[in-house]
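Dropping upload_14.cif in here (mmCIF, C-alpha atoms (C1' of nucleotides)):
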data_my_file
loop_
_atom_site.label_atom_id
_atom_site.label_comp_id
_atom_site.auth_asym_id
_atom_site.auth_seq_id
_atom_site.Cartn_x
_atom_site.Cartn_y
_atom_site.Cartn_z
CA MET A 181 0.00 0.00 0.00
CA SER A 182 1.42 3.37 -1.01
CA THR A 183 1.86 6.12 1.56
CA ARG A 184 -0.96 7.98 -0.10
CA GLU A 185 -3.31 5.03 0.29
CA LYS A 186 -2.19 4.49 3.87
CA ILE A 187 -2.99 8.10 4.67
CA LEU A 188 -6.47 7.78 3.18
CA HIS A 189 -7.11 4.54 5.01
CA THR A 190 -5.95 5.83 8.39
CA ALA A 191 -7.64 9.19 7.92
CA LEU A 192 -11.00 7.54 7.19
CA GLU A 193 -10.72 5.42 10.33
CA LEU A 194 -9.88 8.42 12.48
CA ILE A 195 -12.54 10.59 10.87
CA ASN A 196 -15.22 7.93 11.29
CA ASP A 197 -14.23 7.67 14.92
CA LYS A 198 -13.69 11.28 15.97
CA GLY A 199 -15.13 13.48 13.23
CA TYR A 200 -13.28 15.45 10.56
CA VAL A 201 -12.75 18.62 12.57
CA HIS A 202 -11.12 16.71 15.41
CA VAL A 203 -8.63 14.82 13.32
CA GLY A 204 -5.46 16.89 12.89
CA VAL A 205 -2.81 16.51 10.25
CA ARG A 206 -0.29 15.88 13.03
CA GLU A 207 -2.46 13.09 14.40
CA ILE A 208 -2.69 11.27 11.09
CA GLY A 209 1.08 11.54 10.86
CA ARG A 210 1.51 10.16 14.37
CA ALA A 211 -0.71 7.16 13.62
CA LEU A 212 1.44 6.36 10.58
CA LYS A 213 4.76 7.32 12.22
CA LYS A 214 5.27 9.99 9.59
CA SER A 215 5.89 13.69 9.98
CA PRO A 216 3.04 16.16 9.51
CA GLY A 217 4.95 17.70 6.63
CA ASN A 218 4.86 14.39 4.86
CA ILE A 219 1.08 14.36 5.03
CA SER A 220 1.15 17.83 3.54
CA TYR A 221 3.37 16.54 0.78
CA HIS A 222 0.77 13.99 -0.30
CA PHE A 223 -2.24 16.20 0.38
CA SER A 224 -1.31 19.83 0.41
CA LYS A 225 -4.55 20.74 2.19
CA LYS A 226 -6.43 18.74 4.80
CA GLU A 227 -9.53 19.14 2.66
CA ASP A 228 -7.80 17.29 -0.16
CA ILE A 229 -7.98 14.14 1.94
CA LEU A 230 -11.73 14.57 2.20
CA ILE A 231 -12.00 15.15 -1.55
CA ALA A 232 -10.07 11.95 -2.25
CA LEU A 233 -12.31 9.98 0.12
CA LEU A 234 -15.40 11.44 -1.53
CA GLU A 235 -13.99 10.34 -4.86
CA GLN A 236 -13.51 6.76 -3.60
CA TYR A 237 -17.06 6.78 -2.32
CA ARG A 238 -18.44 8.03 -5.61
CA GLU A 239 -16.61 5.33 -7.57
CA THR A 240 -18.01 2.60 -5.33
CA ASN A 241 -21.51 3.92 -5.87
CA SER A 242 -21.20 4.36 -9.60
CA ALA A 243 -20.33 0.68 -9.86
CA LEU A 244 -23.45 -0.22 -7.88
CA TYR A 245 -25.70 1.82 -10.18
CA GLU A 246 -24.11 0.29 -13.26
CA ASP A 247 -24.76 -3.20 -11.91
CA TYR A 248 -28.38 -2.37 -11.30
CA PHE A 249 -28.99 -0.92 -14.73
CA ALA A 250 -27.30 -3.90 -16.36
CA GLY A 251 -30.04 -6.23 -15.06
CA GLN A 252 -33.81 -6.48 -15.03
CA PRO A 253 -35.77 -3.88 -13.07
CA SER A 254 -37.49 -5.22 -9.96
CA ALA A 255 -38.40 -3.90 -6.53
CA HIS A 256 -36.21 -6.59 -5.00
CA ARG A 257 -33.15 -5.59 -7.02
CA PHE A 258 -33.82 -1.94 -6.33
CA LEU A 259 -33.74 -2.57 -2.60
CA GLU A 260 -30.53 -4.55 -3.03
CA LEU A 261 -29.05 -1.54 -4.80
CA MET A 262 -30.09 0.70 -1.91
CA LYS A 263 -28.58 -1.72 0.57
CA GLY A 264 -25.28 -1.51 -1.29
CA ILE A 265 -25.43 2.28 -1.23
CA PHE A 266 -26.33 2.42 2.45
CA ASP A 267 -23.48 0.07 3.34
CA SER A 268 -21.05 2.21 1.42
CA GLN A 269 -22.37 5.38 3.05
CA PHE A 270 -21.87 3.75 6.40
CA ARG A 271 -18.24 2.98 5.57
CA TYR A 272 -17.63 6.61 4.68
CA ARG A 273 -19.90 8.10 7.33
CA GLY A 274 -17.28 10.43 8.82
CA VAL A 275 -16.83 12.10 5.45
CA PHE A 276 -20.43 13.28 5.37
CA ILE A 277 -21.12 14.05 8.96
CA GLY A 278 -20.50 17.23 10.82
CA ASN A 279 -18.25 19.25 8.62
CA GLN A 280 -19.12 22.45 6.91
CA PHE A 281 -16.57 21.67 4.30
CA VAL A 282 -18.34 19.03 2.23
CA LYS A 283 -21.20 21.47 1.90
CA GLU A 284 -18.87 24.24 0.79
CA GLU A 285 -17.12 22.00 -1.66
CA ILE A 286 -20.50 21.05 -3.09
CA GLN A 287 -21.46 24.71 -3.37
CA SER A 288 -18.24 25.89 -4.94
CA GLY A 289 -17.93 22.89 -7.22
CA ASN A 290 -14.28 23.68 -7.69
CA ARG A 291 -12.70 20.30 -7.31
CA TYR A 292 -15.50 17.86 -6.70
CA ASP A 293 -18.44 18.32 -8.98
CA TYR A 294 -21.03 16.99 -6.63
CA ARG A 295 -23.91 18.87 -8.17
CA ALA A 296 -23.55 17.04 -11.48
CA THR A 297 -23.28 13.67 -9.73
CA TYR A 298 -26.31 14.51 -7.67
CA GLN A 299 -28.38 15.44 -10.70
CA GLN A 300 -27.34 12.18 -12.34
CA ARG A 301 -28.45 10.25 -9.28
CA LEU A 302 -31.81 11.98 -9.27
CA SER A 303 -32.48 11.18 -12.91
CA GLY A 304 -31.25 7.66 -12.18
CA PHE A 305 -33.96 7.29 -9.54
CA THR A 306 -36.58 8.74 -11.85
CA ARG A 307 -35.59 6.18 -14.45
CA ILE A 308 -35.67 3.37 -11.89
CA PHE A 309 -39.19 4.21 -10.79
CA ARG A 310 -40.44 4.58 -14.34
CA GLU A 311 -39.05 1.17 -15.19
CA LEU A 312 -40.65 -0.29 -12.06
CA ARG A 313 -43.93 1.13 -13.25
CA GLU A 314 -43.51 -0.45 -16.68
CA SER A 315 -42.58 -3.78 -15.11
CA LYS A 316 -45.75 -3.61 -13.00
CA HIS A 317 -43.94 -3.46 -9.67
CA LEU A 318 -45.22 0.00 -8.85
CA GLN A 319 -48.41 1.81 -9.60
CA VAL A 320 -47.41 5.45 -9.70
CA SER A 321 -48.28 8.68 -11.44
CA ASP A 322 -45.53 11.03 -12.63
CA GLU A 323 -46.31 13.17 -9.60
CA ASP A 324 -45.87 10.17 -7.33
CA ILE A 325 -42.49 9.49 -8.89
CA GLU A 326 -41.44 13.07 -8.28
CA PHE A 327 -42.53 12.67 -4.68
CA LEU A 328 -40.69 9.37 -4.22
CA VAL A 329 -37.51 10.75 -5.77
CA ALA A 330 -37.58 13.78 -3.45
CA HIS A 331 -38.14 11.43 -0.56
CA ILE A 332 -35.27 9.11 -1.44
CA ALA A 333 -32.94 12.02 -2.10
CA LEU A 334 -33.49 13.30 1.41
CA VAL A 335 -33.66 10.03 3.34
CA GLY A 336 -30.87 8.47 1.29
CA ARG A 337 -28.57 11.31 2.14
CA PHE A 338 -29.38 12.03 5.76
CA TRP A 339 -30.22 8.70 7.42
CA ILE A 340 -26.54 8.34 8.34
CA TYR A 341 -26.60 11.70 10.14
CA GLU A 342 -29.60 10.64 12.16
CA ALA A 343 -28.12 7.23 12.91
CA THR A 344 -24.99 8.74 14.43
CA LEU A 345 -26.79 11.56 16.20
CA PHE A 346 -27.54 9.71 19.39
CA ASP A 347 -25.20 6.78 19.00
CA LYS A 348 -21.57 7.59 18.31
CA SER A 349 -20.76 4.22 16.78
CA PRO A 350 -23.93 2.42 15.77
CA ASN A 351 -24.05 -1.16 14.61
CA GLN A 352 -23.86 -1.21 10.84
CA GLU A 353 -26.11 -4.18 10.20
CA SER A 354 -29.04 -3.17 12.38
CA THR A 355 -28.81 0.48 11.39
CA VAL A 356 -28.80 -0.19 7.67
CA LYS A 357 -31.62 -2.68 8.16
CA HIS A 358 -33.71 -0.09 9.96
CA TYR A 359 -33.43 2.55 7.24
CA LEU A 360 -33.83 0.06 4.42
CA ASP A 361 -37.00 -1.03 6.14
CA LEU A 362 -38.33 2.52 6.18
CA LEU A 363 -37.53 2.78 2.49
CA ALA A 364 -39.24 -0.53 1.73
CA ARG A 365 -42.35 0.60 3.59
CA GLN A 366 -42.36 3.84 1.66
CA ILE A 367 -42.34 2.22 -1.76
CA SER A 368 -44.81 -0.42 -0.51
CA LEU A 369 -47.34 2.39 -0.40
CA PHE A 370 -47.17 2.51 -4.20
CA ALA A 371 -46.61 -1.19 -4.92
CA THR A 372 -48.71 -3.51 -7.07
CA PRO A 373 -49.34 -7.01 -5.69
CA LEU A 374 -46.32 -8.15 -7.71
CA GLY A 375 -44.17 -5.38 -6.25
CA ALA A 376 -45.47 -6.02 -2.75
CA GLN A 377 -44.48 -9.66 -2.97
CA ASP A 378 -41.05 -8.67 -4.23
CA ILE A 379 -40.59 -6.27 -1.34
CA SER A 380 -41.70 -8.73 1.30
CA GLU A 381 -39.32 -11.31 -0.15
CA PHE A 382 -36.51 -8.81 0.20
CA ARG A 383 -37.44 -8.07 3.77
CA VAL A 384 -37.51 -11.78 4.60
CA SER A 385 -34.10 -12.23 2.98
CA GLN A 386 -32.71 -9.57 5.30
CA GLU A 387 -33.81 -11.30 8.52
CA MET B 35 -30.84 44.96 24.61
CA SER B 36 -28.16 43.59 26.92
CA THR B 37 -24.67 42.87 25.61
CA ARG B 38 -25.41 39.19 25.98
CA GLU B 39 -28.51 39.47 23.81
CA LYS B 40 -26.66 41.60 21.28
CA ILE B 41 -23.97 38.95 21.01
CA LEU B 42 -26.54 36.21 20.43
CA HIS B 43 -28.36 38.28 17.82
CA THR B 44 -25.23 39.20 15.88
CA ALA B 45 -23.75 35.71 16.19
CA LEU B 46 -26.88 34.11 14.72
CA GLU B 47 -26.80 36.48 11.76
CA LEU B 48 -23.15 35.78 11.08
CA ILE B 49 -23.55 32.04 11.60
CA ASN B 50 -26.55 31.84 9.27
CA ASP B 51 -24.52 33.68 6.68
CA LYS B 52 -21.08 32.10 6.95
CA GLY B 53 -21.43 28.94 9.01
CA TYR B 54 -20.41 28.36 12.62
CA VAL B 55 -16.83 27.30 11.94
CA HIS B 56 -16.12 30.43 9.94
CA VAL B 57 -17.39 32.89 12.49
CA GLY B 58 -14.63 33.82 14.92
CA VAL B 59 -14.93 35.28 18.38
CA ARG B 60 -12.85 38.20 17.18
CA GLU B 61 -15.29 38.77 14.32
CA ILE B 62 -18.34 38.87 16.55
CA GLY B 63 -16.50 41.38 18.70
CA ARG B 64 -15.61 43.51 15.70
CA ALA B 65 -19.24 43.60 14.52
CA LEU B 66 -20.29 44.83 17.96
CA LYS B 67 -17.28 47.09 18.53
CA LYS B 68 -16.34 45.06 21.58
CA SER B 69 -13.10 43.30 22.38
CA PRO B 70 -12.79 39.54 21.83
CA GLY B 71 -12.10 39.14 25.53
CA ASN B 72 -15.44 40.72 26.25
CA ILE B 73 -17.24 38.09 24.18
CA SER B 74 -15.38 35.48 26.18
CA TYR B 75 -16.57 37.16 29.36
CA HIS B 76 -20.22 36.61 28.38
CA PHE B 77 -19.69 33.21 26.76
CA SER B 78 -16.53 31.58 28.07
CA LYS B 79 -16.53 29.12 25.20
CA LYS B 80 -17.58 29.73 21.61
CA GLU B 81 -19.79 26.67 21.90
CA ASP B 82 -21.75 28.34 24.69
CA ILE B 83 -23.13 30.76 22.13
CA LEU B 84 -24.45 27.83 20.14
CA ILE B 85 -25.96 26.29 23.28
CA ALA B 86 -27.76 29.54 24.07
CA LEU B 87 -29.12 29.77 20.52
CA LEU B 88 -30.30 26.16 20.70
CA GLU B 89 -32.07 27.03 23.92
CA GLN B 90 -33.87 29.95 22.27
CA TYR B 91 -34.88 27.68 19.44
CA ARG B 92 -36.21 25.05 21.81
CA GLU B 93 -38.30 27.58 23.70
CA THR B 94 -39.88 28.86 20.49
CA ASN B 95 -40.80 25.33 19.53
CA SER B 96 -42.15 24.34 22.90
CA ALA B 97 -44.60 27.23 22.66
CA LEU B 98 -45.76 26.01 19.24
CA TYR B 99 -46.42 22.49 20.54
CA GLU B 100 -48.30 23.85 23.54
CA ASP B 101 -50.53 25.89 21.25
CA TYR B 102 -51.30 22.87 19.14
CA PHE B 103 -52.19 20.65 22.07
CA ALA B 104 -54.40 23.37 23.54
CA GLY B 105 -56.77 23.14 20.55
CA GLN B 106 -58.70 20.53 18.59
CA PRO B 107 -56.71 17.94 16.62
CA SER B 108 -56.97 18.28 12.84
CA ALA B 109 -54.75 17.64 9.86
CA HIS B 110 -54.97 21.32 9.00
CA ARG B 111 -53.82 22.45 12.43
CA PHE B 112 -51.08 19.83 12.42
CA LEU B 113 -49.68 21.23 9.18
CA GLU B 114 -49.87 24.72 10.66
CA LEU B 115 -47.83 23.48 13.59
CA MET B 116 -45.25 22.04 11.22
CA LYS B 117 -45.12 25.30 9.29
CA GLY B 118 -44.33 27.12 12.53
CA ILE B 119 -41.58 24.64 13.32
CA PHE B 120 -40.09 24.81 9.84
CA ASP B 121 -40.06 28.62 9.92
CA SER B 122 -38.30 28.57 13.25
CA GLN B 123 -35.76 26.03 12.00
CA PHE B 124 -35.12 28.28 9.06
CA ARG B 125 -34.42 31.22 11.36
CA TYR B 126 -31.86 29.18 13.29
CA ARG B 127 -30.51 27.25 10.30
CA GLY B 128 -26.87 28.10 10.92
CA VAL B 129 -27.06 26.50 14.34
CA PHE B 130 -27.88 23.10 12.91
CA ILE B 131 -25.87 23.05 9.74
CA GLY B 132 -22.31 22.05 9.27
CA ASN B 133 -20.90 21.78 12.70
CA GLN B 134 -19.82 18.66 14.47
CA PHE B 135 -20.46 20.36 17.74
CA VAL B 136 -24.25 20.21 17.96
CA LYS B 137 -23.94 16.47 17.44
CA GLU B 138 -21.36 16.17 20.20
CA GLU B 139 -23.39 18.25 22.55
CA ILE B 140 -26.36 16.01 21.88
CA GLN B 141 -24.26 12.94 22.53
CA SER B 142 -22.64 14.16 25.70
CA GLY B 143 -25.83 15.70 27.05
CA ASN B 144 -23.76 17.77 29.43
CA ARG B 145 -25.32 21.14 29.04
CA TYR B 146 -28.11 20.78 26.58
CA ASP B 147 -30.28 17.74 27.16
CA TYR B 148 -31.32 17.27 23.59
CA ARG B 149 -32.02 13.59 23.93
CA ALA B 150 -34.83 14.17 26.42
CA THR B 151 -36.32 16.93 24.28
CA TYR B 152 -36.11 14.69 21.25
CA GLN B 153 -37.87 11.82 23.00
CA GLN B 154 -40.59 14.25 24.09
CA ARG B 155 -41.03 15.40 20.51
CA LEU B 156 -41.32 11.83 19.27
CA SER B 157 -43.99 10.94 21.79
CA GLY B 158 -45.67 14.23 20.93
CA PHE B 159 -45.90 13.14 17.29
CA THR B 160 -47.18 9.71 18.28
CA ARG B 161 -49.88 11.41 20.32
CA ILE B 162 -50.74 13.76 17.47
CA PHE B 163 -51.22 10.90 15.01
CA ARG B 164 -53.27 8.85 17.47
CA GLU B 165 -55.55 11.82 18.01
CA LEU B 166 -55.84 12.34 14.25
CA ARG B 167 -56.90 8.72 13.99
CA GLU B 168 -59.55 9.19 16.67
CA SER B 169 -60.81 12.37 15.02
CA LYS B 170 -61.12 10.42 11.72
CA HIS B 171 -58.56 12.51 9.87
CA LEU B 172 -56.15 9.60 9.40
CA GLN B 173 -56.70 5.91 8.90
CA VAL B 174 -53.58 4.35 10.36
CA SER B 175 -52.46 1.23 12.20
CA ASP B 176 -50.04 1.48 15.11
CA GLU B 177 -47.32 0.33 12.72
CA ASP B 178 -48.22 3.10 10.31
CA ILE B 179 -47.92 5.63 13.11
CA GLU B 180 -44.49 4.32 14.00
CA PHE B 181 -43.53 4.67 10.34
CA LEU B 182 -44.89 8.20 10.05
CA VAL B 183 -43.14 9.29 13.24
CA ALA B 184 -39.82 7.92 12.02
CA HIS B 185 -40.39 9.71 8.74
CA ILE B 186 -41.21 13.05 10.33
CA ALA B 187 -38.30 12.78 12.74
CA LEU B 188 -35.89 12.45 9.84
CA VAL B 189 -37.43 14.85 7.34
CA GLY B 190 -38.31 17.38 10.05
CA ARG B 191 -34.72 17.51 11.17
CA PHE B 192 -32.79 17.37 7.91
CA TRP B 193 -34.81 19.25 5.31
CA ILE B 194 -32.94 22.41 6.25
CA TYR B 195 -29.59 20.72 5.54
CA GLU B 196 -30.78 19.67 2.13
CA ALA B 197 -32.23 23.09 1.39
CA THR B 198 -28.90 24.83 2.02
CA LEU B 199 -26.80 22.16 0.36
CA PHE B 200 -26.94 23.56 -3.13
CA ASP B 201 -28.22 27.02 -2.37
CA LYS B 202 -26.28 29.03 0.17
CA SER B 203 -29.15 31.36 1.03
CA PRO B 204 -32.44 29.90 -0.11
CA ASN B 205 -35.72 31.78 -0.09
CA GLN B 206 -37.51 31.03 3.15
CA GLU B 207 -41.05 31.06 1.84
CA SER B 208 -40.62 28.80 -1.16
CA THR B 209 -38.29 26.44 0.67
CA VAL B 210 -40.60 25.94 3.62
CA LYS B 211 -43.50 25.55 1.22
CA HIS B 212 -41.69 22.82 -0.70
CA TYR B 213 -40.94 20.71 2.36
CA LEU B 214 -44.35 21.26 3.92
CA ASP B 215 -45.77 20.03 0.65
CA LEU B 216 -43.75 16.83 0.84
CA LEU B 217 -44.99 16.34 4.37
CA ALA B 218 -48.61 16.97 3.35
CA ARG B 219 -48.32 14.43 0.56
CA GLN B 220 -46.87 11.90 2.95
CA ILE B 221 -49.71 12.09 5.42
CA SER B 222 -52.21 12.26 2.53
CA LEU B 223 -51.28 8.63 1.88
CA PHE B 224 -52.95 7.74 5.16
CA ALA B 225 -55.77 10.29 5.14
CA THR B 226 -59.50 9.67 5.34
CA PRO B 227 -61.72 11.76 3.02
CA LEU B 228 -62.14 14.19 5.92
CA GLY B 229 -58.40 14.40 6.43
CA ALA B 230 -57.73 14.71 2.70
CA GLN B 231 -60.09 17.67 2.49
CA ASP B 232 -58.38 19.26 5.47
CA ILE B 233 -54.98 18.81 3.86
CA SER B 234 -56.00 20.20 0.50
CA GLU B 235 -57.54 23.20 2.26
CA PHE B 236 -54.21 23.79 3.97
CA ARG B 237 -52.35 23.54 0.69
CA VAL B 238 -54.70 26.03 -0.92
CA SER B 239 -54.27 28.42 2.01
CA GLN B 240 -50.50 28.35 1.37
CA GLU B 241 -50.74 29.44 -2.28
"C1'" DG C 104 10.44 11.68 -5.53
"C1'" DT C 105 9.96 11.17 -0.51
"C1'" DC C 106 10.48 12.75 3.90
"C1'" DT C 107 11.84 15.70 8.36
"C1'" DA C 108 12.21 19.82 10.82
"C1'" DT C 109 10.67 24.12 11.50
"C1'" DA C 110 8.48 28.58 11.01
"C1'" DC C 111 4.31 31.20 10.53
"C1'" DA C 112 -0.54 32.69 10.83
"C1'" DA C 113 -5.12 32.36 12.76
"C1'" DG C 114 -8.28 31.41 16.19
"C1'" DG C 115 -9.98 29.99 20.92
"C1'" DA C 116 -9.10 30.62 25.62
"C1'" DT C 117 -7.35 32.98 29.98
"C1'" DA C 118 -5.20 36.18 33.39
"C1'" DG C 119 -5.11 40.47 35.15
"C1'" DA C 120 -5.61 45.67 34.97
"C1'" DC C 121 -9.05 49.19 35.00
"C1'" DG D 207 -18.42 44.77 32.58
"C1'" DT D 208 -14.76 45.75 29.56
"C1'" DC D 209 -10.16 45.72 27.70
"C1'" DT D 210 -5.14 44.30 26.61
"C1'" DA D 211 -1.69 41.02 26.45
"C1'" DT D 212 -0.46 36.42 26.09
"C1'" DC D 213 -0.67 31.34 25.50
"C1'" DC D 214 -1.65 27.27 23.01
"C1'" DT D 215 -3.31 24.50 19.36
"C1'" DT D 216 -3.89 23.63 14.55
"C1'" DG D 217 -3.66 24.26 9.54
"C1'" DT D 218 -0.28 25.42 6.20
"C1'" DA D 219 4.11 26.47 3.75
"C1'" DT D 220 8.91 25.75 2.94
"C1'" DA D 221 13.92 24.76 3.32
"C1'" DG D 222 16.72 21.21 2.99
"C1'" DA D 223 18.31 16.08 3.93
"C1'" DC D 224 18.27 11.59 1.65
#

Would you mind writing the file's structure down as structure tokens?
Amino acid sequence: MSTREKILHTALELINDKGYVHVGVREIGRALKKSPGNISYHFSKKEDILIALLEQYRETNSALYEDYFAGQPSAHRFLELMKGIFDSQFRYRGVFIGNQFVKEEIQSGNRYDYRATYQQRLSGFTRIFRELRESKHLQVSDEDIEFLVAHIALVGRFWIYEATLFDKSPNQESTVKHYLDLLARQISLFATPLGAQDISEFRVSQE
Amino acid sequence: MSTREKILHTALELINDKGYVHVGVREIGRALKKSPGNISYHFSKKEDILIALLEQYRETNSALYEDYFAGQPSAHRFLELMKGIFDSQFRYRGVFIGNQFVKEEIQSGNRYDYRATYQQRLSGFTRIFRELRESKHLQVSDEDIEFLVAHIALVGRFWIYEATLFDKSPNQESTVKHYLDLLARQISLFATPLGAQDISEFRVSQE
DNA sequence: GTCTATACAAGGATAGAC
DNA sequence: GTCTATCCTTGTATAGAC
């Protein structure tokens, strides 16, 4: 593992544990028995570490979406996709939580074009729901789809904040299960009998 | 207005505008033509300013809940309550957004017992939905209520994060309207004809 | 190209004079 | 209640060794 990769690995662990603002450049160096200046050599700004982690996260997710779109649309496979995304968000939780910076980076769009990725994700979800309508898993109007997409955009982004709000280090399995369950119940409200069966099968498979 | 109140007022403005981490003690002092040491005299730690603002926010909200529970339960009045809460969250948006600290304060529970307040709010929502069932506005099982409460807890806390994610200073009226609308649509899914009429009346009144 | 040592600036916190 | 002076930590930049 290169020094750069080691830094990212250690930084993510520390950030998940203590939060971005409380992890100093000196501390990352100490954990790796390197000098703080060496960290600066690989990442000239502390924020650059966060950018690199965000990039890793985005690549993981893009692969998950590609997998989904390569197969047949179904409520079951959609929930599997969401489980993959939630697991990956959990792994990178420290990157999202409690730092003004990610927000600023998103707003400035200088280095990490989050806005474009986000728009892509939203149209991805719109496409997913339209396909689930065509495949008779969901019975939804265009307005319903808009509503569901807005819902997923919010829940899918902020569940991890809520999960770590009262519990500093929650259990990944039960936490992801809880929020997936909420999501499953939400789309159940628009499911056809076929979709409902698919969803209940998924929920059983997660027991 | 006492110096203490002036500090809180100015700090909230600056924090809403620039974010907590980017507002320095020296800067608050400069805006008030006071020395930084004087700010420290009134609030020995920068975090204490945030605590005091959280306290103001909580008091505003408690009054709103009391008003609601003093009257008759209805879907319309419930949405009015939520509008009051959303407006107040908007006013204090900088306090919630982009700082690790509020989270830590919640977790430690040293000075600001957020956990207890939060639990109160959750049982408040459970009560509200049970009453709306009794008054024939909603047709919900106990499981549905649990689901709706979980939903409101998440959306009601994090909509303001989402709203400021891509837009640094969003328009209060249209933003609150958008998220209230999502909320109205969500409870519409469980509404009786009476409740549905109540909800659509509310939506019309917000045009 | 990789790393260490070190200097500098900015911001929160504190002691003590008035 | 208010101010000045000072300390300490932390992000950042750079000179120079290997």

Exercise for the section: Taking all atoms listed in the file into account, report as number ranges by chain which residues of chain D lie within 12 Å of chain A. Expected result: D: 215-221

Handout entry: Atomic distance CA of His56 (chain B) - CA of Ile286 (chain A), expressed in Å with one decimal
Key = 16.6 Å

Practice task
Give me the residues within 10 Å of DT107 (chain C) as a list in words, counting only C-alpha atoms (C1' of nucleotides) and dropping any in the same chain fewer than 6 places off.
Solution key: Lys214, Ser215, Pro216, Gly217 and Asn218 of chain A; DG222 and DA223 of chain D

Practice task
Work out how far apart CA of Arg301 (chain A) and CA of Lys137 (chain B) are and give it in Å to one decimal.
Solution key: 27.8 Å

Carefully work through the PyMOL selection byres ((chain C) within 10 of (chain B)) for this structure and note down the residues it includes, as an mmCIF file with C-alpha atoms (C1' of nucleotides), in the frame of the given file.
data_model
loop_
_atom_site.group_PDB
_atom_site.id
_atom_site.type_symbol
_atom_site.label_atom_id
_atom_site.label_comp_id
_atom_site.auth_asym_id
_atom_site.auth_seq_id
_atom_site.Cartn_x
_atom_site.Cartn_y
_atom_site.Cartn_z
ATOM 1 C "C1'" DA C 113 -5.120 32.360 12.760
ATOM 2 C "C1'" DG C 114 -8.280 31.410 16.190
ATOM 3 C "C1'" DG C 115 -9.980 29.990 20.920
ATOM 4 C "C1'" DA C 116 -9.100 30.620 25.620
ATOM 5 C "C1'" DT C 117 -7.350 32.980 29.980
#

Problem - Atomic distance CA of Lys211 (chain B) - CA of Ala150 (chain B), expressed in Å with one decimal - result: 29.0 Å

Render region 51-90 of chain B from the structure in the preceding block as a file of C-alpha atoms, as a compact mmCIF listing (two decimals), in the first residue's frame.
# COMPACT_ATOMS: atom_id res chain seq x y z
CA ASP B 51 -24.52 33.68 6.68
CA LYS B 52 -21.08 32.10 6.95
CA GLY B 53 -21.43 28.94 9.01
CA TYR B 54 -20.41 28.36 12.62
CA VAL B 55 -16.83 27.30 11.94
CA HIS B 56 -16.12 30.43 9.94
CA VAL B 57 -17.39 32.89 12.49
CA GLY B 58 -14.63 33.82 14.92
CA VAL B 59 -14.93 35.28 18.38
CA ARG B 60 -12.85 38.20 17.18
CA GLU B 61 -15.29 38.77 14.32
CA ILE B 62 -18.34 38.87 16.55
CA GLY B 63 -16.50 41.38 18.70
CA ARG B 64 -15.61 43.51 15.70
CA ALA B 65 -19.24 43.60 14.52
CA LEU B 66 -20.29 44.83 17.96
CA LYS B 67 -17.28 47.09 18.53
CA LYS B 68 -16.34 45.06 21.58
CA SER B 69 -13.10 43.30 22.38
CA PRO B 70 -12.79 39.54 21.83
CA GLY B 71 -12.10 39.14 25.53
CA ASN B 72 -15.44 40.72 26.25
CA ILE B 73 -17.24 38.09 24.18
CA SER B 74 -15.38 35.48 26.18
CA TYR B 75 -16.57 37.16 29.36
CA HIS B 76 -20.22 36.61 28.38
CA PHE B 77 -19.69 33.21 26.76
CA SER B 78 -16.53 31.58 28.07
CA LYS B 79 -16.53 29.12 25.20
CA LYS B 80 -17.58 29.73 21.61
CA GLU B 81 -19.79 26.67 21.90
CA ASP B 82 -21.75 28.34 24.69
CA ILE B 83 -23.13 30.76 22.13
CA LEU B 84 -24.45 27.83 20.14
CA ILE B 85 -25.96 26.29 23.28
CA ALA B 86 -27.76 29.54 24.07
CA LEU B 87 -29.12 29.77 20.52
CA LEU B 88 -30.30 26.16 20.70
CA GLU B 89 -32.07 27.03 23.92
CA GLN B 90 -33.87 29.95 22.27
